[in-house]
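Asks: Just dropping this structure here.
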Amino acid sequence: MDKFVVKGGAPLRGEIATSGAKNSALPALAATLLTDQKVVLRRIPRVRDVRTMQRLLVDIGAKAEVDGECVQIQVAGVRSPEAPYELVKTMRASSLVLGPLVARARRARVSLPGGCAIGARPINLHLAGLEQLGAKIEQAHGYIEATAPQGLRGAAVRFERITVTGTEDLMMAAVLAQGETIIDNAAREPEVVDLAALLAKMGAKIEGAGTPTIRIRGVEHLGGADHTIIADRIEAGTFLVAGAITAGELNVTGCVPEHVAALVTKLQAAGAEVAEVAGSTLRIRADGGLRSADVSTAEYPGFATDLQAQYMALMTQAEGIAIITETIFENRFMHAQELARMGANIRLEGNQAIVAGRKELTGAGVIASDLRASASLVLAALVAHGETVIDRVYHIDRGYEKIEKKLAAVGAQIQRVE
Ligand code: EPU
């Protein structure tokens, strides 16, 4: 198992580039199941979750050609409409094939995801939505079987609570359903908008993506498309925090500033200087004088839960007390204990973390528990005195493309060891 060895203390300076968004690439790859034509996807990040999704598609019947960040997929026929436990347990987003498979093959068998490090994360809302479109859902032996022998029918669906992949799953089911579907209380994340853009290129009739109400008029067939994935706002946000925490100066290129606006507001409140220096470049500059700023996670356009762990690392270096409230997942503070092992003063109370800042961190052996928690440990290690060894970095490889190389190129002392 790989580890990262990080020597803290060096301010990061220079230019660091954002890759394509993992959480946009995954639904885009699943959407290729909706047509027998070739779909060309560009700026696909080379991360482990993407490779897992490609493997799943190939098992289902896809032909995939990968050339760097360009992936060409053609699903001439669905051989096996199934997502097995072996894949779902390593990547919950495998449930994104459910909607497109029922729509295209009228049948899907997808393993139930089970628990995960950041919370229970059920898919009941995906299933309720599909049922409203006429799918019959049965559960046996740890698997969900969804069938719609006569095809799906459009319906009005209101999500009880906002779900990102649930919205995406249902959109992909509705594009081939008969008649109109209205999804209410839909997720407004940029990744939902990006999926809608791809589906529209394939011939789908979709309106309202990016608002709480999405309207879809089903069509009989979808065709091929050529689509470039949006920038990864969570990766860009992680780099902004890296600039701030090391009191450096970084230009984060290839990002969409609007997508990280909630984070930027907090970074500015904490005393970092952030400026848009070009349409897709954000420059962050900070000195050692950060102050605390409270944050509460929320659905987009609020502060992303996927940046909460990184922000917590930053607050260990800010003057004063910061209260961090997690509203999306019930157990997403696994990084707090590891940060505490490095010297941070963090108290957990229910869904709040109280961080007493400006603590000198010292290098230690720590364990990455999930993707974003790993990123927060890397950030803390960048300012810790001495050497930090981060174990189980396979978590970080799920969603960050060559993070150690990108950080090393702007001055971080970070090495991957086997
Ligand atoms: N929920 C249910 N039932 C459902 C679906 C969701 O109760 O059927 C609950 C979840 O347990 C959670 C909340 O609703 O408490 C929101 O979950 P959501 O469905 O929005 O999360 P997701 O779609 O499974 C995506 C991202 C996550 C990100 C969340 C929230 C992808 C592939 N994953 O997950 O990304 O944290 O939205 O923004 O898009 C990550 O990249 O590290 C990551 C975890």
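Note on naming: chains are A, B, ... as they come in the structure tokens, residues start from 1 per chain, ligands start from 1 in the order shown.
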Select the residues contacting ligand 1 at a distance of at most 7 Å, based on only C-alpha atoms and all ligand atoms, then format the selection as a list in words.
Replies: Asn23, Ser24, Leu26, Ala93, Gly119, Ala120, Arg121, Pro122, Ile123, Asn124, Leu125, His126, Arg161, Ile162, Thr163, Val164, Thr165, Gly166, Glu299, Ala304, Thr305, Asp306, Ile328, Phe329, Glu330, Leu371, Arg372 and Gly399 of chain A
Asks: Restricting it to N, CA, C and O atoms, dump the selection as an mmCIF file, in the first residue's frame.
Replies:
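Contents of the output file out.cif:
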```cif
data_model
loop_
_atom_site.group_PDB
_atom_site.id
_atom_site.type_symbol
_atom_site.label_atom_id
_atom_site.label_comp_id
_atom_site.auth_asym_id
_atom_site.auth_seq_id
_atom_site.Cartn_x
_atom_site.Cartn_y
_atom_site.Cartn_z
ATOM 1 N N ASN A 23 -16.573 14.079 -10.093
ATOM 2 C CA ASN A 23 -18.007 13.883 -9.872
ATOM 3 C C ASN A 23 -18.874 14.294 -11.059
ATOM 4 O O ASN A 23 -20.093 14.134 -11.040
ATOM 5 N N SER A 24 -18.228 14.829 -12.104
ATOM 6 C CA SER A 24 -18.907 15.083 -13.360
ATOM 7 C C SER A 24 -18.590 13.941 -14.332
ATOM 8 O O SER A 24 -19.441 13.508 -15.110
ATOM 9 N N LEU A 26 -18.032 10.826 -13.604
ATOM 10 C CA LEU A 26 -18.714 9.566 -13.279
ATOM 11 C C LEU A 26 -20.121 9.499 -13.889
ATOM 12 O O LEU A 26 -20.441 8.527 -14.583
ATOM 13 N N ALA A 93 -20.730 5.465 -6.220
ATOM 14 C CA ALA A 93 -21.302 6.104 -7.402
ATOM 15 C C ALA A 93 -21.635 5.085 -8.492
ATOM 16 O O ALA A 93 -22.225 5.444 -9.512
ATOM 17 N N GLY A 119 -20.867 8.057 6.349
ATOM 18 C CA GLY A 119 -22.268 8.001 6.773
ATOM 19 C C GLY A 119 -22.983 6.826 6.124
ATOM 20 O O GLY A 119 -22.373 6.058 5.374
ATOM 21 N N ALA A 120 -24.264 6.674 6.431
ATOM 22 C CA ALA A 120 -25.014 5.519 5.931
ATOM 23 C C ALA A 120 -25.213 5.580 4.416
ATOM 24 O O ALA A 120 -25.065 4.591 3.713
ATOM 25 N N ARG A 121 -25.517 6.730 3.891
ATOM 26 C CA ARG A 121 -25.665 6.967 2.447
ATOM 27 C C ARG A 121 -26.511 5.943 1.703
ATOM 28 O O ARG A 121 -26.032 5.239 0.816
ATOM 29 N N PRO A 122 -27.773 5.854 2.028
ATOM 30 C CA PRO A 122 -28.654 4.940 1.305
ATOM 31 C C PRO A 122 -28.975 5.468 -0.100
ATOM 32 O O PRO A 122 -28.616 6.597 -0.432
ATOM 33 N N ILE A 123 -29.639 4.634 -0.920
ATOM 34 C CA ILE A 123 -30.072 5.112 -2.240
ATOM 35 C C ILE A 123 -31.595 5.043 -2.373
ATOM 36 O O ILE A 123 -32.138 4.961 -3.468
ATOM 37 N N ASN A 124 -32.286 5.096 -1.188
ATOM 38 C CA ASN A 124 -33.745 5.000 -1.204
ATOM 39 C C ASN A 124 -34.399 6.062 -2.077
ATOM 40 O O ASN A 124 -35.433 5.805 -2.713
ATOM 41 N N LEU A 125 -33.809 7.258 -2.156
ATOM 42 C CA LEU A 125 -34.431 8.328 -2.936
ATOM 43 C C LEU A 125 -34.298 8.056 -4.438
ATOM 44 O O LEU A 125 -35.206 8.368 -5.214
ATOM 45 N N HIS A 126 -33.186 7.463 -4.856
ATOM 46 C CA HIS A 126 -33.035 7.060 -6.266
ATOM 47 C C HIS A 126 -34.171 6.077 -6.604
ATOM 48 O O HIS A 126 -34.821 6.173 -7.637
ATOM 49 N N ARG A 161 -35.329 14.992 0.080
ATOM 50 C CA ARG A 161 -34.168 15.820 0.396
ATOM 51 C C ARG A 161 -33.269 15.844 -0.836
ATOM 52 O O ARG A 161 -33.365 14.973 -1.694
ATOM 53 N N ILE A 162 -32.440 16.855 -0.887
ATOM 54 C CA ILE A 162 -31.637 17.045 -2.098
ATOM 55 C C ILE A 162 -30.573 15.956 -2.194
ATOM 56 O O ILE A 162 -29.853 15.696 -1.232
ATOM 57 N N THR A 163 -30.513 15.309 -3.330
ATOM 58 C CA THR A 163 -29.498 14.289 -3.557
ATOM 59 C C THR A 163 -28.861 14.507 -4.930
ATOM 60 O O THR A 163 -29.567 14.628 -5.939
ATOM 61 N N VAL A 164 -27.532 14.537 -4.940
ATOM 62 C CA VAL A 164 -26.813 14.860 -6.178
ATOM 63 C C VAL A 164 -26.898 13.686 -7.168
ATOM 64 O O VAL A 164 -27.462 13.815 -8.266
ATOM 65 N N THR A 165 -26.370 12.530 -6.767
ATOM 66 C CA THR A 165 -26.397 11.409 -7.710
ATOM 67 C C THR A 165 -27.837 10.911 -7.917
ATOM 68 O O THR A 165 -28.151 10.375 -8.981
ATOM 69 N N GLY A 166 -28.712 11.112 -6.929
ATOM 70 C CA GLY A 166 -30.120 10.747 -7.108
ATOM 71 C C GLY A 166 -30.748 11.565 -8.238
ATOM 72 O O GLY A 166 -31.454 11.031 -9.100
ATOM 73 N N GLU A 299 -25.898 22.291 0.510
ATOM 74 C CA GLU A 299 -25.948 21.952 -0.901
ATOM 75 C C GLU A 299 -25.486 23.164 -1.720
ATOM 76 O O GLU A 299 -25.541 24.288 -1.245
ATOM 77 N N ALA A 304 -19.375 23.496 0.158
ATOM 78 C CA ALA A 304 -19.404 22.062 -0.169
ATOM 79 C C ALA A 304 -18.928 21.188 0.994
ATOM 80 O O ALA A 304 -17.878 21.457 1.581
ATOM 81 N N THR A 305 -19.670 20.155 1.289
ATOM 82 C CA THR A 305 -19.220 19.174 2.291
ATOM 83 C C THR A 305 -17.890 18.558 1.869
ATOM 84 O O THR A 305 -17.065 18.196 2.713
ATOM 85 N N ASP A 306 -17.643 18.476 0.571
ATOM 86 C CA ASP A 306 -16.391 17.891 0.070
ATOM 87 C C ASP A 306 -15.175 18.785 0.332
ATOM 88 O O ASP A 306 -14.045 18.394 0.025
ATOM 89 N N ILE A 328 -24.585 17.706 5.739
ATOM 90 C CA ILE A 328 -24.937 16.778 4.649
ATOM 91 C C ILE A 328 -24.743 15.318 5.064
ATOM 92 O O ILE A 328 -25.604 14.475 4.835
ATOM 93 N N PHE A 329 -23.614 15.018 5.684
ATOM 94 C CA PHE A 329 -23.338 13.640 6.099
ATOM 95 C C PHE A 329 -23.204 13.569 7.624
ATOM 96 O O PHE A 329 -22.694 14.492 8.249
ATOM 97 N N GLU A 330 -23.662 12.462 8.197
ATOM 98 C CA GLU A 330 -23.724 12.393 9.663
ATOM 99 C C GLU A 330 -22.396 11.978 10.306
ATOM 100 O O GLU A 330 -22.238 12.071 11.505
ATOM 101 N N LEU A 371 -11.675 9.911 1.015
ATOM 102 C CA LEU A 371 -11.034 10.770 0.016
ATOM 103 C C LEU A 371 -10.712 12.172 0.522
ATOM 104 O O LEU A 371 -9.567 12.631 0.463
ATOM 105 N N ARG A 372 -11.719 12.888 1.011
ATOM 106 C CA ARG A 372 -11.477 14.295 1.379
ATOM 107 C C ARG A 372 -10.737 14.402 2.709
ATOM 108 O O ARG A 372 -10.009 15.367 2.941
ATOM 109 N N GLY A 399 -9.802 10.166 -6.113
ATOM 110 C CA GLY A 399 -10.386 11.398 -6.634
ATOM 111 C C GLY A 399 -9.433 12.528 -6.961
ATOM 112 O O GLY A 399 -9.863 13.553 -7.478
#
```
Asks: Can you list, as a ChimeraX atom specification, every protein, DNA or RNA residue that comes within 10 Å of region 215-223 of chain A when you count only C-alpha atoms, leaving out same-chain residues fewer than 4 positions away?
Replies: /A:32,34-39,104,152-156,171-184,196,199-209
Asks: So the first atom is CA of Leu198 (chain A) and the second is CA of Ala278 (chain A); what is the distance between them in Å, to one decimal place?
Replies: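 The value is 25.9 Å.
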Asks: Could you pull out the residues in region 273-352 of chain A that DSSP calls strand (DSSP E or B) from the backbone, as number ranges by chain?
Replies: A: 273-278, 281-285, 291, 295-297, 303, 319, 321-325, 345-349, 352
Asks: For region 375-377 of chain A, please output as a PyMOL selection string all residues within 9 Å (counting only C-alpha atoms; exclusion window: fewer than 2 positions along the same chain).
Replies: chain A and resi 238+307-314+335+338-339+366-368+370-373+379-382+388+390+396+400
Asks: If I take CA of Ala293 (chain A) and CA of Arg341 (chain A), how far is one from the other in Å, to one decimal?
Replies: 22.7 Å
